[in-house]
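Coordinates from input.txt are shown below (compact mmCIF, C-alpha atoms).
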# COMPACT_ATOMS: atom_id res chain seq x y z
CA MET A 211 0.00 0.00 0.00
CA THR A 212 1.08 3.60 -0.65
CA GLU A 213 0.14 6.73 1.24
CA ARG A 214 -2.52 7.72 -1.25
CA GLU A 215 -4.19 4.34 -0.75
CA ASP A 216 -4.65 4.65 3.02
CA ASN A 217 -8.42 4.93 2.58
CA ASP A 218 -8.44 1.44 1.08
CA TYR A 219 -7.13 -0.17 4.27
CA TRP A 220 -10.49 -1.41 5.53
CA PRO A 221 -11.68 -2.85 2.19
CA LEU A 222 -8.41 -4.77 2.06
CA ALA A 223 -8.78 -5.93 5.68
CA VAL A 224 -12.38 -7.10 5.12
CA ASN A 225 -11.33 -8.92 1.95
CA ALA A 226 -8.52 -10.64 3.87
CA ALA A 227 -10.78 -11.60 6.78
CA SER A 228 -13.31 -13.07 4.33
CA ILE A 229 -10.67 -15.15 2.59
CA ALA A 230 -9.23 -16.29 5.93
CA LEU A 231 -12.69 -17.35 7.13
CA VAL A 232 -13.24 -19.49 4.03
CA ALA A 233 -9.80 -21.04 4.55
CA VAL A 234 -10.26 -21.89 8.24
CA LEU A 235 -13.75 -23.34 7.68
CA ALA A 236 -12.44 -25.47 4.81
CA THR A 237 -9.56 -26.68 6.99
CA HIS A 238 -11.82 -27.76 9.85
CA VAL A 239 -14.44 -29.45 7.68
CA PHE A 240 -11.69 -31.34 5.86
CA HIS A 241 -10.21 -32.46 9.20
CA GLU A 242 -13.46 -33.94 10.51
CA SER A 243 -14.27 -35.49 7.14
CA CYS A 244 -10.97 -37.39 7.30
CA HIS A 245 -11.98 -38.82 10.68
CA ALA A 246 -15.38 -39.90 9.33
CA ILE A 247 -13.89 -41.53 6.23
CA ALA A 248 -11.27 -43.37 8.30
CA THR A 249 -14.02 -44.66 10.63
CA VAL A 250 -15.96 -46.16 7.73
CA MET A 251 -12.81 -47.59 6.17
CA VAL A 252 -11.87 -49.61 9.27
CA GLY A 253 -15.42 -50.92 9.57
CA ALA A 254 -16.38 -49.17 12.82
CA ARG A 255 -19.96 -47.95 13.31
CA LEU A 256 -20.19 -44.19 12.97
CA GLU A 257 -22.65 -42.96 15.61
CA TRP A 258 -22.56 -39.22 15.03
CA VAL A 259 -20.47 -36.67 13.23
CA SER A 260 -20.31 -32.94 13.63
CA PHE A 261 -18.37 -31.54 10.72
CA TRP A 262 -17.17 -28.85 13.05
CA PHE A 263 -16.42 -30.63 16.33
CA GLY A 264 -15.60 -34.28 15.77
CA ILE A 265 -17.11 -37.74 15.59
CA GLN A 266 -18.20 -40.60 17.82
CA TYR A 267 -18.07 -44.23 16.81
CA ALA A 268 -18.63 -47.71 18.22
CA PRO A 269 -15.81 -50.23 17.71
CA VAL A 270 -16.88 -53.44 15.99
CA ALA A 271 -16.07 -56.94 17.16
CA GLY A 272 -12.49 -57.84 16.44
CA MET A 273 -11.35 -54.26 16.04
CA ASN A 274 -7.95 -53.83 17.69
CA ARG A 275 -6.19 -50.72 18.85
CA TRP A 276 -4.61 -50.17 15.44
CA GLY A 277 -8.07 -49.61 14.00
CA GLU A 278 -8.64 -46.89 16.58
CA ILE A 279 -5.24 -45.38 15.80
CA VAL A 280 -6.21 -45.26 12.12
CA ILE A 281 -9.36 -43.33 13.06
CA ALA A 282 -7.59 -40.88 15.37
CA SER A 283 -4.39 -40.08 13.49
CA PRO A 284 -5.04 -39.41 9.77
CA ALA A 285 -6.92 -36.10 10.03
CA SER A 286 -3.99 -34.06 11.34
CA LEU A 287 -1.60 -35.90 9.02
CA MET A 288 -3.81 -34.97 6.08
CA ASN A 289 -3.86 -31.38 7.31
CA ILE A 290 -0.06 -31.38 7.19
CA LEU A 291 -0.06 -32.93 3.71
CA THR A 292 -2.56 -30.46 2.26
CA GLY A 293 -0.70 -27.62 3.95
CA ILE A 294 2.53 -28.67 2.23
CA ILE A 295 0.72 -28.93 -1.11
CA ALA A 296 -0.68 -25.41 -0.66
CA VAL A 297 2.83 -24.14 0.12
CA ALA A 298 4.11 -25.77 -3.08
CA LEU A 299 1.35 -24.16 -5.14
CA PHE A 300 1.85 -20.70 -3.63
CA SER A 301 4.63 -19.63 -6.03
CA ARG A 302 3.26 -21.21 -9.19
CA ARG A 303 2.94 -18.68 -12.02
CA TRP A 304 -0.75 -19.33 -12.61
CA ILE A 305 -1.39 -18.73 -8.90
CA MET A 306 0.67 -15.53 -8.89
CA ARG A 307 -1.60 -14.15 -11.61
CA ARG A 308 -4.50 -14.49 -9.14
CA PRO A 309 -3.52 -12.54 -5.99
CA THR A 310 -6.63 -13.32 -3.94
CA LEU A 311 -6.34 -17.04 -4.69
CA ARG A 312 -2.71 -16.79 -3.64
CA LEU A 313 -3.82 -15.17 -0.38
CA PHE A 314 -6.29 -18.03 0.15
CA LEU A 315 -3.40 -20.50 -0.24
CA LEU A 316 -1.40 -18.52 2.32
CA TYR A 317 -4.21 -18.85 4.87
CA PHE A 318 -5.19 -22.41 3.97
CA SER A 319 -1.60 -23.65 4.19
CA THR A 320 -1.03 -21.89 7.51
CA TYR A 321 -4.26 -23.12 9.12
CA SER A 322 -3.62 -26.64 7.84
CA LEU A 323 -0.06 -26.74 9.14
CA LEU A 324 -1.09 -25.30 12.49
CA ASP A 325 -3.98 -27.75 12.87
CA GLY A 326 -1.71 -30.66 11.98
CA PHE A 327 1.44 -29.80 13.90
CA GLY A 328 -0.51 -28.02 16.64
CA TYR A 329 -2.32 -31.23 17.55
CA LEU A 330 1.03 -32.91 18.17
CA VAL A 331 2.22 -30.19 20.52
CA MET A 332 -1.03 -29.59 22.40
CA ASP A 333 -1.91 -33.25 22.86
CA VAL A 334 1.53 -34.09 24.21
CA LEU A 335 1.14 -31.26 26.72
CA VAL A 336 -2.41 -32.08 27.87
CA GLN A 337 -2.46 -35.90 27.62
CA GLN A 338 -2.91 -37.57 30.98
CA PRO A 339 -2.07 -41.31 31.09
CA GLY A 340 -5.02 -43.36 32.32
CA GLU A 341 -7.49 -40.49 31.92
CA GLN A 342 -10.11 -39.88 29.23
CA ASN A 343 -8.28 -37.83 26.61
CA MET A 344 -10.21 -36.16 23.80
CA GLY A 345 -7.41 -34.99 21.50
CA ASP A 346 -6.50 -37.07 18.44
CA TRP A 347 -2.86 -37.64 19.32
CA ALA A 348 -3.59 -37.84 23.03
CA ARG A 349 -5.71 -40.89 22.20
CA VAL A 350 -2.93 -42.27 20.03
CA LEU A 351 -0.52 -41.93 22.95
CA ASP A 352 -3.02 -43.77 25.16
CA LEU A 353 -3.40 -46.56 22.63
CA LEU A 354 0.37 -46.93 22.21
CA ASP A 355 1.06 -46.65 25.94
CA GLY A 356 3.28 -43.78 24.90
CA SER A 357 6.71 -43.63 26.43
CA GLN A 358 8.43 -40.41 27.38
CA ALA A 359 10.65 -40.76 24.30
CA LEU A 360 7.60 -40.96 22.02
CA ARG A 361 6.04 -37.93 23.68
CA ILE A 362 9.24 -35.93 23.24
CA ALA A 363 9.56 -36.97 19.59
CA MET A 364 5.96 -36.00 18.83
CA GLY A 365 6.36 -32.69 20.64
CA LEU A 366 9.55 -31.87 18.74
CA VAL A 367 7.97 -32.65 15.37
CA GLY A 368 5.00 -30.48 16.25
CA ALA A 369 7.17 -27.61 17.52
CA ILE A 370 9.45 -27.66 14.47
CA GLY A 371 6.44 -27.75 12.16
CA GLY A 372 4.81 -24.88 14.03
CA LEU A 373 7.98 -22.78 13.75
CA TRP A 374 8.13 -23.50 10.02
CA ALA A 375 4.50 -22.36 9.69
CA TYR A 376 5.38 -19.14 11.54
CA PHE A 377 8.34 -18.28 9.32
CA TRP A 378 6.39 -19.29 6.22
CA LEU A 379 3.50 -17.01 7.14
CA THR A 380 5.73 -14.06 8.03
CA HIS A 381 7.91 -14.38 4.95
CA SER A 382 5.03 -14.96 2.52
CA THR A 383 2.85 -12.09 3.75
CA LEU A 384 5.44 -9.69 2.31
CA ARG A 385 4.51 -10.98 -1.16
CA PHE A 386 1.27 -8.99 -1.04
CA GLY A 387 2.66 -5.48 -0.52
CA GLU A 388 4.20 -2.88 -2.81
CA GLU A 389 6.03 -0.69 -0.29
CA VAL A 390 7.22 -3.33 2.16
CA THR A 391 10.54 -1.55 2.71
CA ASP A 392 8.58 1.27 4.36
CA ARG A 393 7.88 0.28 7.99
CA SER A 394 4.64 2.26 8.23
CA GLN A 395 3.25 0.67 5.06
CA ARG A 396 4.46 -2.76 6.17
CA ARG A 397 2.69 -2.27 9.50
CA LYS A 398 -0.59 -1.47 7.72
CA LEU A 399 -0.20 -4.49 5.46
CA ALA A 400 0.50 -6.77 8.45
CA ALA A 401 -2.51 -5.43 10.35
CA ALA A 402 -4.82 -5.93 7.35
CA LEU A 403 -3.61 -9.41 6.39
CA LEU A 404 -2.73 -10.86 9.79
CA MET A 405 -4.21 -9.06 12.80
CA ILE A 406 -7.73 -8.42 11.47
CA PRO A 407 -8.14 -12.01 10.16
CA TYR A 408 -6.77 -13.38 13.45
CA LEU A 409 -9.29 -11.46 15.53
CA ALA A 410 -12.22 -12.01 13.17
CA THR A 411 -11.83 -15.75 12.56
CA ASN A 412 -11.12 -16.61 16.18
CA THR A 413 -14.10 -14.60 17.39
CA ILE A 414 -16.31 -16.59 15.01
CA LEU A 415 -14.72 -19.91 16.04
CA THR A 416 -15.30 -19.08 19.70
CA ALA A 417 -18.95 -18.22 19.01
CA LEU A 418 -19.45 -21.48 17.11
CA SER A 419 -17.92 -23.46 19.97
CA PHE A 420 -21.04 -22.99 22.11
CA TRP A 421 -22.82 -25.56 19.91
CA HIS A 422 -20.32 -28.29 20.77
CA PRO A 423 -22.22 -31.63 20.77
CA LEU A 424 -20.59 -32.69 24.05
CA GLY A 425 -21.73 -29.59 25.88
CA ILE A 426 -20.41 -26.29 27.12
CA THR A 427 -17.59 -27.81 29.22
CA ASP A 428 -15.92 -29.31 26.17
CA SER A 429 -16.65 -26.31 24.00
CA LEU A 430 -14.50 -24.14 26.23
CA MET A 431 -11.50 -26.13 24.99
CA LEU A 432 -12.02 -24.54 21.60
CA VAL A 433 -10.85 -21.22 23.02
CA LEU A 434 -7.44 -22.81 22.42
CA HIS A 435 -7.85 -21.65 18.83
CA TRP A 436 -6.72 -18.26 20.09
CA PHE A 437 -3.48 -19.93 21.20
CA THR A 438 -3.08 -22.32 18.26
CA TYR A 439 -3.33 -19.51 15.72
CA ILE A 440 -1.38 -16.94 17.73
CA ILE A 441 1.39 -16.96 15.14
CA PHE A 442 -0.82 -14.59 13.11
CA PHE A 443 -0.48 -12.11 15.99
CA LEU A 444 3.25 -12.76 16.35
CA ALA A 445 3.84 -12.47 12.61
CA CYS A 446 2.03 -9.12 12.64
CA LEU A 447 4.35 -7.87 15.38
CA ASP A 448 7.36 -9.25 13.51
CA LEU A 449 6.52 -7.47 10.26
CA GLY A 450 5.29 -4.27 11.83
CA LEU A 451 7.82 -3.74 14.61
CA TRP A 452 10.86 -5.98 14.44
CA ARG A 453 11.73 -7.00 10.91
CA LYS A 454 13.85 -4.86 8.59
CA VAL A 455 13.14 -5.26 4.87
CA LYS A 456 15.76 -3.70 2.61
CA THR A 457 14.51 -4.94 -0.76
CA PRO A 458 10.98 -5.81 -1.91
CA PRO A 459 10.36 -9.47 -2.89
CA CYS A 460 10.83 -10.23 -6.56
CA ASP A 461 7.61 -12.27 -6.75
CA ALA A 462 5.26 -9.73 -5.17
CA THR A 463 1.60 -9.82 -6.18
CA PRO A 464 -0.12 -6.75 -4.66
CA LEU A 465 -3.75 -7.26 -3.74
CA PRO A 466 -6.65 -5.28 -5.21
CA LEU A 467 -7.71 -2.56 -2.81
CA GLN A 468 -11.39 -2.42 -3.73
CA PRO A 469 -14.06 -4.65 -2.11
CA ASN A 470 -13.82 -8.21 -3.43
CA TRP A 471 -17.44 -9.35 -3.47
CA PRO A 472 -16.92 -12.95 -4.65
CA TRP A 473 -14.80 -13.73 -1.59
CA ARG A 474 -17.07 -11.76 0.75
CA VAL A 475 -20.16 -13.58 -0.51
CA GLY A 476 -18.22 -16.85 -0.36
CA ALA A 477 -17.41 -16.21 3.29
CA VAL A 478 -21.06 -15.52 4.12
CA VAL A 479 -22.16 -18.67 2.27
CA ALA A 480 -19.46 -20.78 3.96
CA LEU A 481 -20.40 -19.48 7.40
CA GLY A 482 -24.13 -19.91 6.72
CA THR A 483 -23.58 -23.46 5.49
CA THR A 484 -21.50 -24.25 8.58
CA VAL A 485 -24.21 -22.97 10.92
CA ALA A 486 -27.22 -24.39 9.08
CA VAL A 487 -25.90 -27.69 7.70
CA LEU A 488 -22.50 -28.69 9.05
CA LEU A 489 -22.64 -27.43 12.62
CA PRO A 490 -25.62 -29.54 13.81
CA THR A 491 -24.65 -33.05 14.85
CA ILE A 492 -25.65 -35.73 12.36
CA TYR A 493 -26.65 -39.01 14.02
CA PHE A 494 -26.56 -42.39 12.27
Could you quickly redo this structure as structure tokens?
Amino acid sequence: MTEREDNDYWPLAVNAASIALVAVLATHVFHESCHAIATVMVGARLEWVSFWFGIQYAPVAGMNRWGEIVIASPASLMNILTGIIAVALFSRRWIMRRPTLRLFLLYFSTYSLLDGFGYLVMDVLVQQPGEQNMGDWARVLDLLDGSQALRIAMGLVGAIGGLWAYFWLTHSTLRFGEEVTDRSQRRKLAAALLMIPYLATNTILTALSFWHPLGITDSLMLVLHWFTYIIFFLACLDLGLWRKVKTPPCDATPLPLQPNWPWRVGAVVALGTTVAVLLPTIYF
């Protein structure tokens, strides 16, 4: 952004928040769909699925612990895989010709990587041996009678992946500005693309958490989204206050500064679909 374009800050911020909302909803629905598909594949009986908050299933006769591991583990692994694919697509020429699609890939890759690697870190921290653990990888640790070495290995993988997601997000956000060597313009870009989406999406996720199928006690755990996605906040501080940028990136694709109605309408439709169709628990 340049000085004469200061009045376009809020249209840009609303566009970014809309794109981020579509990305985070897509990430979560994909995650729960992976659990549901894995449940059917191992032959367990799917009892209910909330495409926002998880599944419940009944093990079938003869199903061993590896079947339960297959149900619990693939969703976050698929998040990591799709996040890596989105990172790989980010710098493709045909993507660079579509700046808002490129911004979607930035958000989708970051949310996917954080959901995947974040599960490893958080579940290692909160898992209590012998207790009822709700997290995907906490259940995997229970099923494997996880040793301290396994816990440390999982935590390290998650932490390294989370750090990569942070540096990826911070570095790639610079691709959407024209005057990124100017600290004041870089601060405005970071606020529009990182801080506003962070506040907006997490506020919506927190509001949706009150419809958790297991009740209000479990829904409070979803406030952890504020912590899981905090790298958006940290990346905003990094770009706006700490980082020095001497040369603009060679592959910059500045974003349009007028309202982007396709993405805004898409965000409304995605949120409406989540509330009306995907949020209610589906029983089988």
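In this model, the gap between atom CA of Arg255 of chain A and atom CA of Asp325 of chain A comes to 25.8 Å.
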Inset, instruction - Would you work out the distance separating atom CA of Thr438 of chain A from atom CA of Gly328 of chain A, expressed in Å to one decimal? - result: 6.5 Å
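The shortest atom-to-atom distance to Ala246 of chain A, with only C-alpha atoms taken into account, belongs to A:Val280 out of A:Leu434, A:Leu403, A:Val280, A:Leu299.
Shell of segment 320-322 of chain A at 8 Å, with all atoms listed in the file counted and residues fewer than 6 places along the chain excluded, is Ala233, Val234, Thr237, Asn289, Ile290, Thr292, Gly293, Ala375, Trp378, Leu379 and Tyr439 of chain A.
By only C-alpha atoms, and with residues fewer than 3 positions from Ser301 of chain A along its chain excluded, the set lying at most 12 Å from it is Ile295, Ala296, Val297, Ala298, Trp304, Ile305, Met306, Arg307, Arg308, Pro309, Leu311, Arg312, Leu313, Leu315, Leu316, Ser382, Arg385, Cys460, Asp461, Ala462 and Thr463 of chain A.
With distances taken over all atoms listed in the file, A:Ser283 is the one residue among A:Ser283, A:Thr310, A:Ser357, A:Thr380 lying closest to Leu330 of chain A.
Of the residues under consideration (A:Tyr267, A:Ala400, A:Asp352, A:Val487), A:Ala400 shows the shortest atom-to-atom contact distance to Trp452 of chain A when counting only C-alpha atoms.
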Inset, instruction - Go through A:Val485, A:Ile265, A:Met273, A:Ala417 one by one, measure the shortest atom-to-atom distance of each to Gly345 of chain A using only C-alpha atoms, and give the residue with the smallest value. - result: A:Ile265
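Closest approach to Ala480 of chain A from the set A:Val367, A:Ala230, A:Ala402, A:Met251 is made by A:Ala230, with distances taken over all atoms listed in the file.
Taking atom CA of Ala236 of chain A and atom CA of Thr484 of chain A as endpoints, the distance between them is 9.9 Å.
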Inset, instruction - Name the residues in contact with His241 of chain A at a cut-off of 9 Å, using all atoms listed in the file, excluding same-chain residues fewer than 2 positions from it; report them as number ranges by chain. - result: A: 236-239, 243-245, 261-262, 264, 284-286, 288-289, 322, 325
